[in-house]
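Comments concern the structure below.
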Amino acid sequence: MSNGLIPATILTGFLGSGKTTLLKRVLTESHGQKIAVIENEFGEENIDNDILVADTNEQIIQMNNGCVCCTIREDLRTTLADLAEKRRKGELHFDRVVIETTGLADPGPVAQTFFMDDEIAESYLLDSILTLVDAKHAETQLDTRLEARRQIGFADQIFISKSDLVGEAEVDALIHRIKHMNPRAPQQKVHFGEVPIASVFDLRGFNLNAKLEIDPEFLTDGGHGHHHDHHDHDHEHGEHCDHPHHHQHDDDVKSFVFRSDRAFNAAKLEDFLGSIVQVYGPKMLRYKGVLYMKGSDRKVVFQGVHQLMGSDLGPKWMPGEKKMSKMVFIGVDLPKDILLHGLDGCLV
């Protein structure tokens, strides 16, 4: 990477979803990449038992294919800073970092570490959050565990494992359900951790770029759009689904989209988003947008995790390109109407 930043990937997922299998494969395969794995996890799912026989005093173990492993006994920040320093001094060689979080962890604080701390931000680039979902137990876990639903909301990429153990209709219903919770994360079925490295690394899910990846079909609700109100808001996508058996889930992790072809007043928008984040930050998992701002000939790209929000100037609007703002919010019980009306009030 030209800027010398170390890419970091956060791997999260339900217990038993195959994180360890995926990790083992990433660690032992000869892909020529040197990966440092930070295990933020204690308990029976530790990867060490199987492929590492670790001397417990030694926190960092170098694997035979050049990978580096460490189990965190202190906080993540310290470990990341420590690894970056060892790499600068030439004591350790690795190209990227993978952080495995515990099965029921909220990946939010882990992601925030990369933005809140200058030292970490100067060494690392947060690439993406990957969430593994166990198809066999997903229904129950999503029904009963908020943490499992939050992991879906945070994801940049979702891998569905063990889909061979359930019927096709069940997998379809699961994919559909997840899509309502997080429309911006592509979903991929995987078997036994057999994931091509290309779909794990360098996904740039946290890059502020002007491509807002949401399946356009999904936004128009399967083609039969229902923009009944005059400013083209998308309403809950579940309301008009054709699949009767998809109706039973009204998950608290939801996404909604705001779109407008009127420009935003920058000062108003900043004030409004600032106050929203103050109040609802803990419930806001991921939010992203490409914005059309009054007085700017360039797109403004913004995104956030919980209370942390950042924006960047994107590329110029092309001649003839339709200027419009598009924002997606993913969160737990977010007050959609307050947000949509508030954003509306920030338009010029």
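For the structure tokens, the naming scheme is as follows: chains receive sequential letters (A, B, ...) according to their order of presentation, residues are indexed from 1 within each chain, and ligands are indexed from 1 in presentation order.
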Taking 6 positions as the minimum chain separation for residues in the same chain, which residues sit within 10 Å of A:Pro196 when counting only C-alpha atoms? Answer as a PyMOL selection string. chain A and resi 25-26+190
Determine, counting only C-alpha atoms, which protein, DNA and RNA residues have an atom within 7 Å of an atom of stretch 82-92 of chain A; residues of the same chain fewer than 3 positions away are not included. Present the result as a ChimeraX atom specification. /A:78-79,123
Could you turn the residues from that selection into a file that holds N, CA, C and O atoms, as a PDB file, in the first residue's frame?
```pdb
ATOM      1  N   THR A  78      -3.312  -0.919  22.875  1.00  0.00           N
ATOM      2  CA  THR A  78      -1.922  -1.221  23.233  1.00  0.00           C
ATOM      3  C   THR A  78      -1.327  -2.250  22.293  1.00  0.00           C
ATOM      4  O   THR A  78      -0.190  -2.122  21.831  1.00  0.00           O
ATOM      5  N   THR A  79      -2.102  -3.298  22.027  1.00  0.00           N
ATOM      6  CA  THR A  79      -1.622  -4.370  21.169  1.00  0.00           C
ATOM      7  C   THR A  79      -1.333  -3.852  19.758  1.00  0.00           C
ATOM      8  O   THR A  79      -0.296  -4.163  19.171  1.00  0.00           O
ATOM      9  N   SER A 123      -1.113   4.610  11.824  1.00  0.00           N
ATOM     10  CA  SER A 123      -0.465   3.356  11.436  1.00  0.00           C
ATOM     11  C   SER A 123      -1.383   2.419  10.649  1.00  0.00           C
ATOM     12  O   SER A 123      -0.919   1.624   9.849  1.00  0.00           O
TER      13      SER A 123
END
```
Can you list every residue in stretch 85-312 of chain A that DSSP puts in strand (DSSP E), as a VMD selection string? chain A and resid 96 to 101 124 to 134 157 to 161 187 to 190 253 to 260 284 to 291 298 to 305 308 to 312
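Taking the backbone of this structure through DSSP, the residues of stretch 147-212 of chain A that come out as helix (DSSP H, G or I) are A:Glu147, A:Ala148, A:Arg149, A:Arg150, A:Gln151, A:Ile152, A:Gly153, A:Phe154, A:Ser163, A:Asp164, A:Leu165, A:Glu168, A:Ala169, A:Glu170, A:Val171, A:Asp172, A:Ala173, A:Leu174, A:Ile175, A:His176, A:Arg177, A:Ile178, A:Lys179, A:His180, A:Met181, A:Ile197, A:Ala198, A:Ser199.
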Go ahead and save the residues from that selection, with N, CA, C and O atoms, as an mmCIF file, in the first residue's frame.
```cif
data_model
loop_
_atom_site.group_PDB
_atom_site.id
_atom_site.type_symbol
_atom_site.label_atom_id
_atom_site.label_comp_id
_atom_site.auth_asym_id
_atom_site.auth_seq_id
_atom_site.Cartn_x
_atom_site.Cartn_y
_atom_site.Cartn_z
ATOM 1 N N GLU A 147 -26.967 -8.740 20.213
ATOM 2 C CA GLU A 147 -25.578 -8.649 19.731
ATOM 3 C C GLU A 147 -25.452 -9.249 18.336
ATOM 4 O O GLU A 147 -24.721 -8.726 17.497
ATOM 5 N N ALA A 148 -26.176 -10.330 18.105
ATOM 6 C CA ALA A 148 -26.119 -10.972 16.789
ATOM 7 C C ALA A 148 -26.696 -10.035 15.731
ATOM 8 O O ALA A 148 -26.156 -9.906 14.632
ATOM 9 N N ARG A 149 -27.777 -9.344 16.074
ATOM 10 C CA ARG A 149 -28.388 -8.413 15.115
ATOM 11 C C ARG A 149 -27.473 -7.222 14.870
ATOM 12 O O ARG A 149 -27.348 -6.734 13.749
ATOM 13 N N ARG A 150 -26.811 -6.771 15.929
ATOM 14 C CA ARG A 150 -25.892 -5.642 15.778
ATOM 15 C C ARG A 150 -24.717 -6.007 14.875
ATOM 16 O O ARG A 150 -24.252 -5.194 14.088
ATOM 17 N N GLN A 151 -24.248 -7.256 15.011
ATOM 18 C CA GLN A 151 -23.126 -7.681 14.163
ATOM 19 C C GLN A 151 -23.513 -7.615 12.687
ATOM 20 O O GLN A 151 -22.688 -7.288 11.834
ATOM 21 N N ILE A 152 -24.767 -7.921 12.404
ATOM 22 C CA ILE A 152 -25.253 -7.805 11.023
ATOM 23 C C ILE A 152 -25.237 -6.338 10.594
ATOM 24 O O ILE A 152 -24.792 -5.995 9.508
ATOM 25 N N GLY A 153 -25.718 -5.471 11.482
ATOM 26 C CA GLY A 153 -25.801 -4.043 11.148
ATOM 27 C C GLY A 153 -24.444 -3.418 10.873
ATOM 28 O O GLY A 153 -24.322 -2.522 10.046
ATOM 29 N N PHE A 154 -23.413 -3.906 11.546
ATOM 30 C CA PHE A 154 -22.076 -3.343 11.376
ATOM 31 C C PHE A 154 -21.363 -3.802 10.118
ATOM 32 O O PHE A 154 -20.409 -3.189 9.678
ATOM 33 N N SER A 163 -24.815 -23.302 5.150
ATOM 34 C CA SER A 163 -26.101 -23.203 4.440
ATOM 35 C C SER A 163 -26.494 -24.561 3.861
ATOM 36 O O SER A 163 -27.648 -24.780 3.514
ATOM 37 N N ASP A 164 -25.515 -25.474 3.777
ATOM 38 C CA ASP A 164 -25.838 -26.812 3.261
ATOM 39 C C ASP A 164 -26.639 -27.617 4.284
ATOM 40 O O ASP A 164 -27.211 -28.653 3.955
ATOM 41 N N LEU A 165 -26.694 -27.151 5.525
ATOM 42 C CA LEU A 165 -27.392 -27.911 6.560
ATOM 43 C C LEU A 165 -28.864 -27.537 6.666
ATOM 44 O O LEU A 165 -29.605 -28.126 7.442
ATOM 45 N N GLU A 168 -33.213 -24.750 1.142
ATOM 46 C CA GLU A 168 -32.982 -23.568 0.315
ATOM 47 C C GLU A 168 -33.920 -22.416 0.696
ATOM 48 O O GLU A 168 -33.510 -21.269 0.749
ATOM 49 N N ALA A 169 -35.179 -22.759 0.979
ATOM 50 C CA ALA A 169 -36.148 -21.712 1.318
ATOM 51 C C ALA A 169 -35.729 -21.005 2.596
ATOM 52 O O ALA A 169 -35.876 -19.786 2.736
ATOM 53 N N GLU A 170 -35.171 -21.780 3.528
ATOM 54 C CA GLU A 170 -34.730 -21.209 4.797
ATOM 55 C C GLU A 170 -33.570 -20.235 4.582
ATOM 56 O O GLU A 170 -33.522 -19.160 5.165
ATOM 57 N N VAL A 171 -32.635 -20.652 3.738
ATOM 58 C CA VAL A 171 -31.496 -19.780 3.442
ATOM 59 C C VAL A 171 -31.977 -18.508 2.758
ATOM 60 O O VAL A 171 -31.543 -17.405 3.086
ATOM 61 N N ASP A 172 -32.913 -18.662 1.818
ATOM 62 C CA ASP A 172 -33.452 -17.487 1.112
ATOM 63 C C ASP A 172 -34.108 -16.518 2.088
ATOM 64 O O ASP A 172 -33.933 -15.304 1.992
ATOM 65 N N ALA A 173 -34.882 -17.077 3.014
ATOM 66 C CA ALA A 173 -35.569 -16.227 3.990
ATOM 67 C C ALA A 173 -34.545 -15.497 4.861
ATOM 68 O O ALA A 173 -34.711 -14.325 5.188
ATOM 69 N N LEU A 174 -33.468 -16.200 5.204
ATOM 70 C CA LEU A 174 -32.418 -15.598 6.027
ATOM 71 C C LEU A 174 -31.735 -14.451 5.276
ATOM 72 O O LEU A 174 -31.535 -13.364 5.811
ATOM 73 N N ILE A 175 -31.406 -14.708 4.013
ATOM 74 C CA ILE A 175 -30.745 -13.689 3.184
ATOM 75 C C ILE A 175 -31.638 -12.454 3.089
ATOM 76 O O ILE A 175 -31.180 -11.317 3.215
ATOM 77 N N HIS A 176 -32.925 -12.696 2.889
ATOM 78 C CA HIS A 176 -33.902 -11.620 2.770
ATOM 79 C C HIS A 176 -33.964 -10.813 4.071
ATOM 80 O O HIS A 176 -33.947 -9.587 4.062
ATOM 81 N N ARG A 177 -34.020 -11.542 5.164
ATOM 82 C CA ARG A 177 -34.112 -10.894 6.482
ATOM 83 C C ARG A 177 -32.876 -10.024 6.739
ATOM 84 O O ARG A 177 -32.978 -8.884 7.191
ATOM 85 N N ILE A 178 -31.715 -10.578 6.458
ATOM 86 C CA ILE A 178 -30.465 -9.852 6.692
ATOM 87 C C ILE A 178 -30.408 -8.600 5.818
ATOM 88 O O ILE A 178 -29.945 -7.549 6.231
ATOM 89 N N LYS A 179 -30.924 -8.723 4.602
ATOM 90 C CA LYS A 179 -30.882 -7.605 3.670
ATOM 91 C C LYS A 179 -31.690 -6.410 4.178
ATOM 92 O O LYS A 179 -31.341 -5.263 3.950
ATOM 93 N N HIS A 180 -32.769 -6.711 4.890
ATOM 94 C CA HIS A 180 -33.558 -5.620 5.468
ATOM 95 C C HIS A 180 -32.805 -4.936 6.586
ATOM 96 O O HIS A 180 -32.954 -3.744 6.809
ATOM 97 N N MET A 181 -32.010 -5.725 7.317
ATOM 98 C CA MET A 181 -31.264 -5.154 8.428
ATOM 99 C C MET A 181 -30.082 -4.347 7.904
ATOM 100 O O MET A 181 -29.739 -3.306 8.438
ATOM 101 N N ILE A 197 -9.512 -15.417 -0.697
ATOM 102 C CA ILE A 197 -8.893 -14.297 0.005
ATOM 103 C C ILE A 197 -9.394 -12.958 -0.557
ATOM 104 O O ILE A 197 -9.565 -11.990 0.167
ATOM 105 N N ALA A 198 -9.671 -12.933 -1.859
ATOM 106 C CA ALA A 198 -10.119 -11.687 -2.494
ATOM 107 C C ALA A 198 -11.436 -11.192 -1.909
ATOM 108 O O ALA A 198 -11.736 -10.006 -1.958
ATOM 109 N N SER A 199 -12.245 -12.096 -1.347
ATOM 110 C CA SER A 199 -13.500 -11.594 -0.790
ATOM 111 C C SER A 199 -13.385 -11.346 0.712
ATOM 112 O O SER A 199 -14.372 -11.087 1.380
#
```
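Excluding A:Asp127 itself and same-chain residues fewer than 6 positions from it, the residues having an atom within 6 Å of it are Pro7, Ala8, Thr9, Arg204, Gly205 and Phe206 of chain A, counting only C-alpha atoms.
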Env of stretch 332-344 of chain A: 8 Å cut, atoms = only C-alpha atoms, seq-sep filter 3 positions within chain, self excluded. Answer as number ranges by chain. A: 150, 233, 252-254, 256, 258, 269, 272, 276, 280, 283-285, 347
Could you save the residues just selected, with N, CA, C and O atoms, as a PDB file, in the first residue's frame?
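And here is the file that came out, part.pdb:
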```pdb
ATOM      1  N   ARG A 150     -26.811  -6.771  15.929  1.00  0.00           N
ATOM      2  CA  ARG A 150     -25.892  -5.642  15.778  1.00  0.00           C
ATOM      3  C   ARG A 150     -24.717  -6.007  14.875  1.00  0.00           C
ATOM      4  O   ARG A 150     -24.252  -5.194  14.088  1.00  0.00           O
ATOM      5  N   HIS A 233     -38.799   9.738  -0.444  1.00  0.00           N
ATOM      6  CA  HIS A 233     -38.115   8.982   0.615  1.00  0.00           C
ATOM      7  C   HIS A 233     -38.398   7.523   0.390  1.00  0.00           C
ATOM      8  O   HIS A 233     -39.487   7.161   0.012  1.00  0.00           O
ATOM      9  N   ASP A 252     -35.227  -5.218  15.318  1.00  0.00           N
ATOM     10  CA  ASP A 252     -34.943  -3.868  15.811  1.00  0.00           C
ATOM     11  C   ASP A 252     -33.748  -3.254  15.094  1.00  0.00           C
ATOM     12  O   ASP A 252     -33.561  -2.044  15.124  1.00  0.00           O
ATOM     13  N   VAL A 253     -32.915  -4.097  14.468  1.00  0.00           N
ATOM     14  CA  VAL A 253     -31.847  -3.546  13.637  1.00  0.00           C
ATOM     15  C   VAL A 253     -32.434  -3.372  12.245  1.00  0.00           C
ATOM     16  O   VAL A 253     -32.882  -4.333  11.630  1.00  0.00           O
ATOM     17  N   LYS A 254     -32.466  -2.122  11.799  1.00  0.00           N
ATOM     18  CA  LYS A 254     -33.119  -1.817  10.523  1.00  0.00           C
ATOM     19  C   LYS A 254     -32.289  -0.810   9.778  1.00  0.00           C
ATOM     20  O   LYS A 254     -31.478  -0.102  10.349  1.00  0.00           O
ATOM     21  N   PHE A 256     -32.659   2.348   6.791  1.00  0.00           N
ATOM     22  CA  PHE A 256     -33.514   3.126   5.908  1.00  0.00           C
ATOM     23  C   PHE A 256     -32.650   4.106   5.140  1.00  0.00           C
ATOM     24  O   PHE A 256     -31.500   4.360   5.478  1.00  0.00           O
ATOM     25  N   PHE A 258     -32.361   7.812   2.911  1.00  0.00           N
ATOM     26  CA  PHE A 258     -32.867   9.150   2.623  1.00  0.00           C
ATOM     27  C   PHE A 258     -32.303   9.557   1.270  1.00  0.00           C
ATOM     28  O   PHE A 258     -31.105   9.422   1.031  1.00  0.00           O
ATOM     29  N   LEU A 269     -27.094  20.978   8.156  1.00  0.00           N
ATOM     30  CA  LEU A 269     -26.907  19.529   8.164  1.00  0.00           C
ATOM     31  C   LEU A 269     -25.919  19.139   9.267  1.00  0.00           C
ATOM     32  O   LEU A 269     -26.135  18.184  10.009  1.00  0.00           O
ATOM     33  N   PHE A 272     -27.618  19.364  12.615  1.00  0.00           N
ATOM     34  CA  PHE A 272     -28.608  18.316  12.813  1.00  0.00           C
ATOM     35  C   PHE A 272     -27.939  16.967  13.067  1.00  0.00           C
ATOM     36  O   PHE A 272     -28.260  16.274  14.033  1.00  0.00           O
ATOM     37  N   ILE A 276     -28.123  14.588  16.398  1.00  0.00           N
ATOM     38  CA  ILE A 276     -28.654  13.226  16.292  1.00  0.00           C
ATOM     39  C   ILE A 276     -27.655  12.220  16.876  1.00  0.00           C
ATOM     40  O   ILE A 276     -27.997  11.317  17.631  1.00  0.00           O
ATOM     41  N   TYR A 280     -28.530   9.665  19.649  1.00  0.00           N
ATOM     42  CA  TYR A 280     -28.764   8.278  19.230  1.00  0.00           C
ATOM     43  C   TYR A 280     -27.490   7.495  18.907  1.00  0.00           C
ATOM     44  O   TYR A 280     -27.566   6.353  18.478  1.00  0.00           O
ATOM     45  N   LYS A 283     -27.048   3.829  19.386  1.00  0.00           N
ATOM     46  CA  LYS A 283     -27.939   2.965  18.605  1.00  0.00           C
ATOM     47  C   LYS A 283     -27.638   3.016  17.112  1.00  0.00           C
ATOM     48  O   LYS A 283     -28.228   2.278  16.341  1.00  0.00           O
ATOM     49  N   MET A 284     -26.764   3.943  16.720  1.00  0.00           N
ATOM     50  CA  MET A 284     -26.440   4.064  15.299  1.00  0.00           C
ATOM     51  C   MET A 284     -25.249   3.155  15.022  1.00  0.00           C
ATOM     52  O   MET A 284     -24.170   3.363  15.555  1.00  0.00           O
ATOM     53  N   LEU A 285     -25.464   2.128  14.220  1.00  0.00           N
ATOM     54  CA  LEU A 285     -24.389   1.187  13.975  1.00  0.00           C
ATOM     55  C   LEU A 285     -23.509   1.705  12.849  1.00  0.00           C
ATOM     56  O   LEU A 285     -22.363   2.044  13.046  1.00  0.00           O
ATOM     57  N   LEU A 347     -32.472  20.755   3.973  1.00  0.00           N
ATOM     58  CA  LEU A 347     -32.347  21.013   2.550  1.00  0.00           C
ATOM     59  C   LEU A 347     -32.532  22.489   2.271  1.00  0.00           C
ATOM     60  O   LEU A 347     -33.234  23.191   2.985  1.00  0.00           O
TER      61      LEU A 347
END
```
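When the distance limit is 10 Å and only C-alpha atoms are what count, the residues near A:Leu313, minus those fewer than 2 positions from it on the same chain, are A:Leu208, A:Asn209, A:Ala210, A:Val290, A:Leu291, A:Ser296, A:Asp297, A:Arg298, A:Lys299, A:Val300, A:Val301, A:Phe302, A:Ser311, A:Pro315, A:Lys316.
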So what do you get for atom CA of A:Ser255 versus atom CA of A:Thr20, distance-wise? 29.1 Å
